[in-house]
file coords_30.cif (mmCIF, C-alpha atoms)
data_run
loop_
_atom_site.label_atom_id
_atom_site.label_comp_id
_atom_site.auth_asym_id
_atom_site.auth_seq_id
_atom_site.Cartn_x
_atom_site.Cartn_y
_atom_site.Cartn_z
CA MET A 1 25.36 -14.38 -45.25
CA ARG A 2 21.65 -13.62 -45.02
CA LYS A 3 20.92 -17.34 -44.58
CA LEU A 4 23.45 -17.51 -41.79
CA ALA A 5 21.83 -14.53 -40.07
CA LEU A 6 18.38 -16.15 -40.41
CA VAL A 7 19.67 -19.41 -38.95
CA ALA A 8 21.27 -17.48 -36.08
CA CYS A 9 18.01 -15.64 -35.43
CA ALA A 10 16.03 -18.88 -35.52
CA LEU A 11 18.46 -20.56 -33.13
CA THR A 12 18.26 -17.59 -30.78
CA LEU A 13 14.46 -17.76 -30.78
CA ILE A 14 14.51 -21.51 -30.19
CA VAL A 15 16.88 -21.18 -27.24
CA ALA A 16 15.51 -17.95 -25.77
CA GLY A 17 11.82 -18.60 -26.41
CA PRO A 18 11.25 -21.28 -23.77
CA THR A 19 13.48 -19.41 -21.32
CA TRP A 20 11.38 -16.28 -21.74
CA ALA A 21 8.20 -18.29 -21.39
CA GLN A 22 9.42 -19.88 -18.16
CA GLU A 23 10.41 -16.54 -16.71
CA ALA A 24 7.12 -14.78 -17.46
CA THR A 25 5.74 -13.63 -14.13
CA ARG A 26 2.49 -15.22 -13.00
CA TRP A 27 0.24 -13.03 -10.89
CA VAL A 28 -2.25 -13.95 -8.22
CA ASN A 29 -5.14 -11.51 -8.12
CA VAL A 30 -7.70 -11.06 -5.39
CA ASP A 31 -10.52 -8.54 -5.61
CA VAL A 32 -12.81 -7.94 -2.67
CA THR A 33 -15.76 -5.57 -2.82
CA GLU A 34 -17.64 -4.95 0.40
CA ALA A 35 -21.04 -3.42 -0.15
CA SER A 36 -21.75 -2.32 3.43
CA SER A 37 -18.61 -0.19 3.70
CA ASN A 38 -18.40 0.62 -0.02
CA THR A 39 -14.81 -0.60 0.03
CA LYS A 40 -12.88 -2.22 -2.77
CA VAL A 41 -9.59 -4.05 -2.23
CA GLU A 42 -7.46 -5.19 -5.15
CA VAL A 43 -4.41 -7.35 -4.55
CA HIS A 44 -2.09 -8.17 -7.44
CA LEU A 45 0.96 -10.15 -6.33
CA PRO A 46 3.62 -12.15 -8.17
CA LEU A 47 3.03 -15.87 -7.56
CA ASP A 48 6.70 -16.26 -6.71
CA LEU A 49 6.37 -13.70 -3.92
CA VAL A 50 3.27 -15.42 -2.54
CA LEU A 51 5.12 -18.75 -2.57
CA ARG A 52 8.13 -17.41 -0.69
CA VAL A 53 5.96 -15.63 1.87
CA ILE A 54 3.79 -18.71 2.42
CA GLU A 55 6.88 -20.82 3.09
CA GLY A 56 7.87 -18.46 5.89
CA VAL A 57 4.49 -18.20 7.59
CA LYS A 58 4.27 -20.01 10.90
CA VAL A 59 0.95 -19.73 12.71
CA GLU A 60 -1.44 -22.12 14.42
CA ASN A 61 -2.22 -25.06 12.11
CA PHE A 62 0.04 -23.65 9.40
CA ASP A 63 3.77 -24.20 9.16
CA ALA A 64 6.34 -24.66 6.39
CA GLY A 65 3.70 -24.10 3.73
CA LYS A 66 1.45 -26.85 5.08
CA VAL A 67 -1.95 -26.47 6.66
CA GLN A 68 -3.11 -28.95 9.29
CA LEU A 69 -6.53 -30.45 8.61
CA ASP A 70 -8.80 -30.92 11.58
CA CYS A 71 -9.93 -34.48 10.92
CA GLU A 72 -8.68 -36.40 13.94
CA GLY A 73 -10.02 -39.91 14.21
CA ALA A 74 -11.01 -40.08 10.57
CA GLU A 75 -8.78 -42.45 8.67
CA ILE A 76 -8.83 -41.16 5.14
CA ASP A 77 -6.65 -42.60 2.41
CA TRP A 78 -6.00 -39.29 0.70
CA PRO A 79 -3.94 -40.63 -2.24
CA LYS A 80 -6.79 -43.01 -3.03
CA VAL A 81 -9.37 -40.22 -2.81
CA MET A 82 -7.28 -37.95 -5.05
CA ALA A 83 -6.70 -40.73 -7.60
CA ALA A 84 -10.44 -41.46 -7.64
CA VAL A 85 -11.23 -37.78 -8.32
CA LYS A 86 -8.60 -37.57 -11.05
CA ASP A 87 -9.63 -40.78 -12.79
CA ALA A 88 -13.36 -40.29 -12.50
CA PRO A 89 -15.26 -39.51 -15.68
CA ASP A 90 -16.94 -36.14 -16.14
CA GLY A 91 -20.14 -35.78 -14.21
CA LYS A 92 -21.68 -34.78 -10.92
CA PHE A 93 -20.03 -36.27 -7.83
CA VAL A 94 -22.01 -34.62 -5.09
CA THR A 95 -25.37 -32.91 -4.99
CA VAL A 96 -26.73 -31.69 -1.67
CA THR A 97 -29.98 -29.82 -1.31
CA SER A 98 -30.93 -28.49 2.08
CA ASP A 99 -32.75 -25.57 3.69
CA ASP A 100 -29.39 -23.88 4.38
CA ALA A 101 -27.62 -24.34 1.07
CA ASP A 102 -27.32 -26.26 -2.15
CA VAL A 103 -23.97 -27.84 -2.92
CA GLU A 104 -22.80 -29.36 -6.16
CA VAL A 105 -19.42 -30.88 -7.00
CA LYS A 106 -18.75 -32.00 -10.54
CA LYS A 107 -15.97 -32.73 -12.97
CA GLU A 108 -16.09 -31.15 -16.38
CA ALA A 109 -13.50 -30.67 -19.14
CA GLY A 110 -10.46 -31.09 -16.92
CA LEU A 111 -11.91 -29.01 -14.12
CA VAL A 112 -13.35 -29.84 -10.72
CA LEU A 113 -16.19 -27.41 -10.17
CA VAL A 114 -17.67 -26.72 -6.76
CA HIS A 115 -20.84 -24.66 -6.48
CA VAL A 116 -22.36 -23.67 -3.16
CA ALA A 117 -25.48 -21.52 -2.95
CA GLU A 118 -26.40 -20.38 0.53
CA LYS A 119 -30.12 -19.88 1.12
CA ALA A 120 -29.95 -17.84 4.31
CA GLU A 121 -27.53 -15.43 6.03
CA ASP A 122 -25.69 -13.52 3.27
CA HIS A 123 -27.09 -15.58 0.39
CA ALA A 124 -23.53 -16.32 -0.64
CA VAL A 125 -22.85 -18.12 -3.87
CA VAL A 126 -19.42 -19.73 -4.06
CA ASP A 127 -17.95 -21.05 -7.28
CA VAL A 128 -14.61 -22.83 -7.17
CA ARG A 129 -12.94 -23.86 -10.40
CA LEU A 130 -10.01 -26.23 -9.83
CA PRO A 131 -8.02 -27.47 -12.83
CA ILE A 132 -7.09 -31.13 -12.49
CA SER A 133 -3.41 -30.15 -12.34
CA LEU A 134 -4.19 -28.47 -9.03
CA VAL A 135 -5.86 -31.63 -7.81
CA ASP A 136 -2.66 -33.48 -8.81
CA ALA A 137 -0.67 -31.04 -6.70
CA LEU A 138 -3.05 -31.41 -3.77
CA THR A 139 -1.13 -33.73 -1.50
CA ILE A 140 -2.13 -34.59 2.04
CA ASP A 141 0.45 -36.34 4.14
CA GLU A 142 -0.02 -38.97 6.88
CA GLN A 143 -0.38 -36.21 9.45
CA ASN A 144 -3.34 -34.79 7.51
CA ARG A 145 -1.41 -31.72 6.34
CA ILE A 146 -2.16 -30.13 2.96
CA ASP A 147 0.90 -28.90 1.11
CA VAL A 148 -0.28 -25.41 0.15
CA THR A 149 3.12 -24.55 -1.32
CA ALA A 150 2.83 -27.41 -3.82
CA ILE A 151 -0.63 -26.23 -4.88
CA LEU A 152 0.57 -22.66 -5.35
CA ALA A 153 3.67 -23.82 -7.22
CA SER A 154 1.48 -25.79 -9.63
CA MET A 155 -0.42 -22.57 -10.39
CA ALA A 156 2.63 -21.43 -12.32
CA GLU A 157 1.62 -23.90 -15.03
CA LEU A 158 -2.05 -22.90 -15.14
CA THR A 159 -3.57 -20.97 -17.96
CA ASP A 160 -5.05 -17.61 -17.04
CA GLY A 161 -8.42 -17.89 -15.39
CA GLU A 162 -10.68 -17.54 -12.43
CA LEU A 163 -10.27 -19.93 -9.50
CA VAL A 164 -12.76 -18.69 -6.94
CA ARG A 165 -15.74 -16.35 -7.07
CA VAL A 166 -17.92 -15.53 -4.11
CA THR A 167 -20.93 -13.27 -4.39
CA SER A 168 -23.05 -12.40 -1.39
CA ASP A 169 -25.28 -9.67 -0.02
CA ASP A 170 -22.36 -8.13 1.82
CA ALA A 171 -19.24 -8.81 -0.23
CA ASN A 172 -17.98 -10.15 -3.51
CA VAL A 173 -14.63 -11.92 -3.80
CA ARG A 174 -12.81 -12.97 -6.92
CA VAL A 175 -9.49 -14.88 -7.07
CA TRP A 176 -7.82 -15.47 -10.40
CA ILE A 177 -4.43 -16.12 -11.90
CA GLU A 178 -2.87 -14.52 -14.93
CA MET B 1 60.70 32.84 -2.43
CA ASN B 2 58.32 34.81 -0.18
CA GLN B 3 55.99 35.39 -3.10
CA ARG B 4 55.82 31.64 -3.68
CA GLY B 5 55.00 31.08 0.01
CA ILE B 6 52.14 33.55 -0.15
CA SER B 7 50.63 31.85 -3.18
CA THR B 8 50.92 28.41 -1.51
CA VAL B 9 48.70 29.40 1.44
CA PRO B 10 45.64 30.36 -0.62
CA ALA B 11 46.20 27.24 -2.71
CA LEU B 12 46.18 25.13 0.43
CA VAL B 13 43.07 26.88 1.74
CA LEU B 14 41.39 26.40 -1.62
CA ALA B 15 42.39 22.73 -1.73
CA THR B 16 41.13 22.17 1.82
CA ALA B 17 37.85 23.93 1.02
CA ALA B 18 37.51 21.88 -2.17
CA ALA B 19 38.25 18.68 -0.25
CA MET B 20 35.67 19.58 2.40
CA LEU B 21 33.10 20.47 -0.24
CA THR B 22 33.77 17.19 -2.02
CA ALA B 23 33.42 15.30 1.26
CA VAL B 24 30.13 17.09 1.96
CA MET B 25 28.92 16.35 -1.57
CA LEU B 26 29.85 12.69 -1.23
CA MET B 27 28.11 12.28 2.11
CA ASP B 28 24.50 11.14 2.33
CA TRP B 29 22.40 13.88 3.85
CA MET B 30 18.97 13.57 5.33
CA VAL B 31 16.81 16.67 5.43
CA VAL B 32 13.85 16.79 7.79
CA ASP B 33 11.37 19.51 6.97
CA ILE B 34 8.58 20.38 9.39
CA GLN B 35 5.90 23.00 8.84
CA THR B 36 3.15 23.74 11.31
CA PRO B 37 0.09 25.89 10.58
CA GLU B 38 -0.94 29.28 11.95
CA PRO B 39 -1.22 30.74 14.56
CA GLU B 40 2.08 29.28 15.79
CA ALA B 41 3.45 28.73 12.32
CA LEU B 42 6.84 27.13 12.27
CA HIS B 43 9.04 26.04 9.41
CA LEU B 44 11.98 23.95 10.51
CA THR B 45 14.48 22.44 8.11
CA VAL B 46 17.14 20.22 9.65
CA PRO B 47 19.80 18.82 7.35
CA PHE B 48 22.22 16.35 8.83
CA PRO B 49 24.73 13.91 7.39
CA LEU B 50 23.87 10.26 7.91
CA VAL B 51 27.41 9.58 9.00
CA ALA B 52 26.91 11.93 11.96
CA ALA B 53 23.64 10.26 12.88
CA ARG B 54 25.32 6.88 12.61
CA MET B 55 28.10 8.05 14.93
CA ALA B 56 25.54 9.41 17.38
CA THR B 57 24.00 5.95 17.75
CA ALA B 58 27.30 4.80 19.26
CA PHE B 59 26.42 6.92 22.29
CA VAL B 60 23.10 5.18 22.90
CA PRO B 61 23.46 3.51 26.33
CA GLN B 62 23.92 -0.26 26.17
CA GLU B 63 21.11 -0.85 28.69
CA VAL B 64 18.66 0.94 26.37
CA MET B 65 19.69 -1.36 23.53
CA ALA B 66 19.44 -4.41 25.80
CA GLU B 67 15.86 -3.44 26.72
CA ALA B 68 14.89 -3.44 23.06
CA GLU B 69 15.15 -7.22 22.96
CA ILE B 70 14.30 -9.03 19.73
CA PRO B 71 12.28 -12.24 20.29
CA PRO B 72 14.40 -15.29 19.34
CA GLU B 73 11.78 -16.60 16.90
CA VAL B 74 12.36 -13.49 14.75
CA LYS B 75 15.66 -14.98 13.60
CA ASP B 76 13.74 -17.82 11.90
CA LEU B 77 12.12 -15.23 9.67
CA LYS B 78 15.40 -14.01 8.22
CA GLN B 79 15.53 -16.28 5.17
CA PRO B 80 11.81 -16.11 4.31
CA VAL B 81 11.88 -12.32 4.56
CA LEU B 82 15.02 -12.06 2.42
CA ASP B 83 13.50 -14.49 -0.11
CA ALA B 84 10.30 -12.45 -0.23
CA LEU B 85 12.29 -9.26 -0.81
CA ASP B 86 14.24 -10.99 -3.58
CA ALA B 87 10.99 -12.07 -5.20
CA LEU B 88 9.66 -8.54 -4.94
CA LEU B 89 12.84 -7.07 -6.42
CA GLU B 90 12.70 -9.55 -9.31
CA ALA B 91 9.02 -8.84 -10.01
CA PRO B 92 8.05 -6.39 -12.74
CA ASP B 93 6.72 -2.97 -11.79
CA ALA B 94 3.07 -3.07 -10.82
CA THR B 95 0.43 -1.84 -8.43
CA LEU B 96 0.39 -4.58 -5.82
CA VAL B 97 -2.37 -3.46 -3.52
CA ARG B 98 -5.12 -0.89 -3.97
CA VAL B 99 -7.80 -0.09 -1.44
CA ASP B 100 -10.61 2.33 -2.26
CA SER B 101 -13.01 3.24 0.51
CA PRO B 102 -15.09 6.33 1.24
CA ASP B 103 -12.55 7.33 3.94
CA ALA B 104 -9.26 6.61 2.22
CA GLN B 105 -7.43 5.40 -0.81
CA VAL B 106 -4.30 3.29 -0.31
CA VAL B 107 -1.96 2.27 -3.11
CA ILE B 108 1.15 0.13 -2.76
CA ALA B 109 3.16 -0.09 -5.94
CA LYS B 110 6.52 -1.45 -6.96
CA GLN B 111 8.54 0.88 -9.13
CA GLY B 112 12.07 -0.17 -10.02
CA ASP B 113 13.84 -1.14 -6.80
CA ASP B 114 11.43 0.89 -4.68
CA LEU B 115 8.11 0.28 -3.03
CA ARG B 116 5.85 3.34 -3.10
CA ILE B 117 3.08 3.66 -0.57
CA SER B 118 0.48 6.37 -0.86
CA VAL B 119 -2.40 7.01 1.47
CA ASP B 120 -5.00 9.66 0.75
CA ALA B 121 -7.22 9.82 3.79
CA GLU B 122 -9.43 12.48 5.32
CA GLU B 123 -7.00 12.94 8.21
CA ALA B 124 -3.78 12.91 6.25
CA VAL B 125 -2.01 12.42 2.98
CA VAL B 126 1.04 10.18 3.20
CA ARG B 127 3.63 9.37 0.56
CA CYS B 128 6.39 6.94 1.41
CA LEU B 129 9.18 5.40 -0.61
CA ILE B 130 10.93 2.24 0.60
CA PRO B 131 14.18 1.31 -1.14
CA LEU B 132 13.73 -2.46 -1.37
CA ASP B 133 17.35 -3.15 -2.27
CA GLY B 134 18.52 -1.12 0.72
CA VAL B 135 16.12 -2.90 3.04
CA ARG B 136 17.30 -6.23 1.68
CA ASP B 137 21.00 -5.42 2.14
CA ALA B 138 20.40 -4.01 5.63
CA LEU B 139 18.39 -7.06 6.72
CA GLN B 140 20.99 -9.37 5.20
CA SER B 141 23.74 -7.87 7.31
CA TRP B 142 21.61 -7.59 10.49
CA ASP B 143 22.06 -10.37 13.07
CA TRP B 144 18.26 -10.53 13.74
CA GLN B 145 19.00 -10.80 17.43
CA SER B 146 19.83 -7.34 18.70
CA ALA B 147 18.24 -3.95 18.18
CA ASP B 148 20.52 -2.14 15.80
CA PRO B 149 19.85 1.55 15.07
CA SER B 150 22.35 1.50 12.22
CA LEU B 151 19.86 -0.70 10.34
CA ALA B 152 17.76 2.41 9.65
CA PHE B 153 20.78 4.33 8.42
CA ASP B 154 21.83 1.48 6.13
CA ILE B 155 18.37 1.65 4.55
CA LEU B 156 18.48 5.44 4.31
CA SER B 157 21.92 5.31 2.70
CA ALA B 158 20.51 3.10 -0.04
CA ALA B 159 17.56 5.42 -0.67
CA PRO B 160 17.55 7.40 -3.90
CA THR B 161 17.95 11.17 -3.80
CA GLY B 162 14.60 12.83 -3.28
CA GLU B 163 11.61 12.64 -1.02
CA LEU B 164 11.31 9.55 1.14
CA VAL B 165 8.37 10.45 3.33
CA ARG B 166 5.78 13.18 3.17
CA VAL B 167 2.92 13.55 5.59
CA GLU B 168 0.34 16.31 5.25
CA ALA B 169 -2.07 16.28 8.14
CA GLU B 170 -5.59 17.65 8.11
CA ASP B 171 -4.62 20.51 10.47
CA GLY B 172 -2.03 21.79 7.99
CA THR B 173 1.04 20.22 9.59
CA LYS B 174 3.51 19.01 6.97
CA VAL B 175 6.49 16.74 7.57
CA ALA B 176 8.88 15.65 4.85
CA ILE B 177 12.05 13.59 4.91
CA ARG B 178 14.30 13.97 1.91
CA MET B 179 17.57 12.33 0.98
CA TRP B 180 20.29 14.33 -0.66
#

call {"tool": "encode", "arguments": {"input": "coords_30.cif", "output": "structure tokens"}}
result
Amino acid sequence: MRKLALVACALTLIVAGPTWAQEATRWVNVDVTEASSNTKVEVHLPLDLVLRVIEGVKVENFDAGKVQLDCEGAEIDWPKVMAAVKDAPDGKFVTVTSDDADVEVKKEAGLVLVHVAEKAEDHAVVDVRLPISLVDALTIDEQNRIDVTAILASMAELTDGELVRVTSDDANVRVWIE
Amino acid sequence: MNQRGISTVPALVLATAAAMLTAVMLMDWMVVDIQTPEPEALHLTVPFPLVAARMATAFVPQEVMAEAEIPPEVKDLKQPVLDALDALLEAPDATLVRVDSPDAQVVIAKQGDDLRISVDAEEAVVRCLIPLDGVRDALQSWDWQSADPSLAFDILSAAPTGELVRVEAEDGTKVAIRMW
């Protein structure tokens, strides 16, 4: 009888476990701290809510969860570019040093890392940390539209972590998922 | 026989009173409470049944309703808005937005089927409760084309018993809307 109960418990865990895991709510967090006004804004929203709201937003250059890129005249084979990024070995892709800012794009341990350090204005430092699965989800159609919904949907599979951090003289911004 | 007739009348009166009391108890009541500060201090408490307010909207002139035209593109928002409300209702309780500034603190939190908004500013303190399920049901049944005052009453009907809105202004004026 005890064995039967144990088997029943095990079966329940096997069946319910993945279901519970799938249904765990993912949260998108955005923290903004503005030094000049001494204001702090914390946004903590369920990813599912963000997705459904994004799908309904219809403004200039953004419709049906897709944002229109302004790159008229440039013929870019986006699938090829994305495949190249995904298949490239770890290392630095781009390094730009100028009087205005330093920019570095590299791939490291399954992440695409973008670092921008502004030298003037607000002295902003931007760090973007994109898991490759997000790059996979980054699709740009023939009309040069990025499917933002697909990118957000893929966030459901991400492990907890920071995606964007901006620090500057005036404001600090942090975006992360948990 | 006469004695029986006499006892029937009070019984009928009692039954009618009980029926009326039950009807009153079953009705949704909204209580608006307004207090103004000295020197012209006023404390006004107005309770009224939602059903009466709903009936009163039937007397709003048609031309007034026609003037309150809803842009046609609003109808396209119906499904996304309902989907967003569903997502919010399904989400666990949490503080969704928090703003701290030297002038004010704003907190928007989901608690059960309600959204609670609180603003603590220098000019006023505001507490507001939005019954998400009521908003969702009201928006689901709305045609998204015409101004419909009953929409507000549908939402109010779904509100839990207690305080819905409280505003305390810097000058001492207090306004509260409670459901009962």

call {"tool": "atom_distance", "arguments": {"input": "coords_30.cif", "atom1": "atom CA of A:Val116", "atom2": "atom CA of A:Val32"}}
result
18.4 Å

call {"tool": "resolve_selection", "arguments": {"input": "coords_30.cif", "expression": "the PyMOL selection byres ((chain A and resi 55) around 12)", "output": "ChimeraX atom specification"}}
result
/A:48-54,56-59,62-67,147-150,152-153 /B:76-77,79-84

call {"tool": "resolve_selection", "arguments": {"input": "coords_30.cif", "expression": "the PyMOL selection byres ((chain B and resi 31) around 7)", "output": "ChimeraX atom specification"}}
result
/B:29-30,32-33,45-48,177-179

call {"tool": "resolve_selection", "arguments": {"input": "coords_30.cif", "expression": "the PyMOL selection byres ((chain B and resi 118) around 8)", "output": "ChimeraX atom specification"}}
result
/B:105-108,116-117,119-120,125-128

call {"tool": "atom_distance", "arguments": {"input": "coords_30.cif", "atom1": "atom CA of A:His44", "atom2": "atom CA of B:Lys110"}}
result
10.9 Å

call {"tool": "closest_atom_pairs", "arguments": {"input": "coords_30.cif", "of": "chain B", "to": "chain A", "cutoff": "6 Å", "atoms": "all atoms listed in the file", "output": "Markdown table"}}
result
| residue | atom | partner | partner_atom | distance |
| --- | --- | --- | --- | --- |
| B:Pro80 | CA | A:Gly56 | CA | 4.9 |
| B:Ala84 | CA | A:Arg52 | CA | 5.4 |
| B:Ala87 | CA | A:Leu49 | CA | 5.1 |
| B:Leu96 | CA | A:His44 | CA | 4.7 |
| B:Val97 | CA | A:Val43 | CA | 4.5 |
| B:Arg98 | CA | A:Glu42 | CA | 5.0 |
| B:Val99 | CA | A:Val41 | CA | 4.4 |
| B:Asp100 | CA | A:Lys40 | CA | 5.1 |
| B:Ser101 | CA | A:Thr39 | CA | 4.3 |

call {"tool": "atom_distance", "arguments": {"input": "coords_30.cif", "atom1": "atom CA of A:Gly91", "atom2": "atom CA of A:Glu157"}}
result
24.8 Å

call {"tool": "residues_near_point", "arguments": {"input": "coords_30.cif", "point": "(-15.4, -31.3, -15.7)", "cutoff": "9 Å", "atoms": "only C-alpha atoms", "output": "list of chain:residue names"}}
result
A:Pro89, A:Asp90, A:Gly91, A:Lys92, A:Lys106, A:Lys107, A:Glu108, A:Ala109, A:Gly110, A:Leu111, A:Val112, A:Leu113, A:Pro131, A:Ile132

call {"tool": "residues_around", "arguments": {"input": "coords_30.cif", "residues": "B:Met65", "least_positions_apart": "5", "cutoff": "8 Å", "atoms": "all atoms listed in the file", "output": "PDB file with C-alpha atoms, keeping the file's coordinate frame"}}
result
ATOM      1  CA  VAL B  60      23.100   5.180  22.900  1.00  0.00           C
ATOM      2  CA  SER B 146      19.830  -7.340  18.700  1.00  0.00           C
ATOM      3  CA  ALA B 147      18.240  -3.950  18.180  1.00  0.00           C
ATOM      4  CA  ASP B 148      20.520  -2.140  15.800  1.00  0.00           C
TER       5      ASP B 148
END

call {"tool": "residues_around", "arguments": {"input": "coords_30.cif", "residues": "A:Leu130", "least_positions_apart": "6", "cutoff": "12 Å", "atoms": "all atoms listed in the file", "output": "list in words"}}
result
Val85, Lys86, Val105, Lys106, Lys107, Glu108, Ala109, Gly110, Leu111, Val112, Leu113, Val114, His115, Asp136, Ala137, Leu138, Ile151, Ser154, Met155, Leu158, Thr159, Gly161, Glu162, Leu163, Val164, Arg165, Val175, Trp176 and Ile177 of chain A

call {"tool": "closest_residue", "arguments": {"input": "coords_30.cif", "among": "B:Arg136, B:His43, B:Lys78, B:Arg54", "to": "B:Asp113", "atoms": "all atoms listed in the file"}}
result
B:Arg136

call {"tool": "closest_residue", "arguments": {"input": "coords_30.cif", "among": "A:Gln143, A:Thr97, A:Asn61, A:Thr167", "to": "A:Val126", "atoms": "only C-alpha atoms"}}
result
A:Thr167

call {"tool": "closest_residue", "arguments": {"input": "coords_30.cif", "among": "B:Gly172, B:Asp143, B:Ala159, B:Ser150", "to": "B:Ile70", "atoms": "only C-alpha atoms"}}
result
B:Asp143
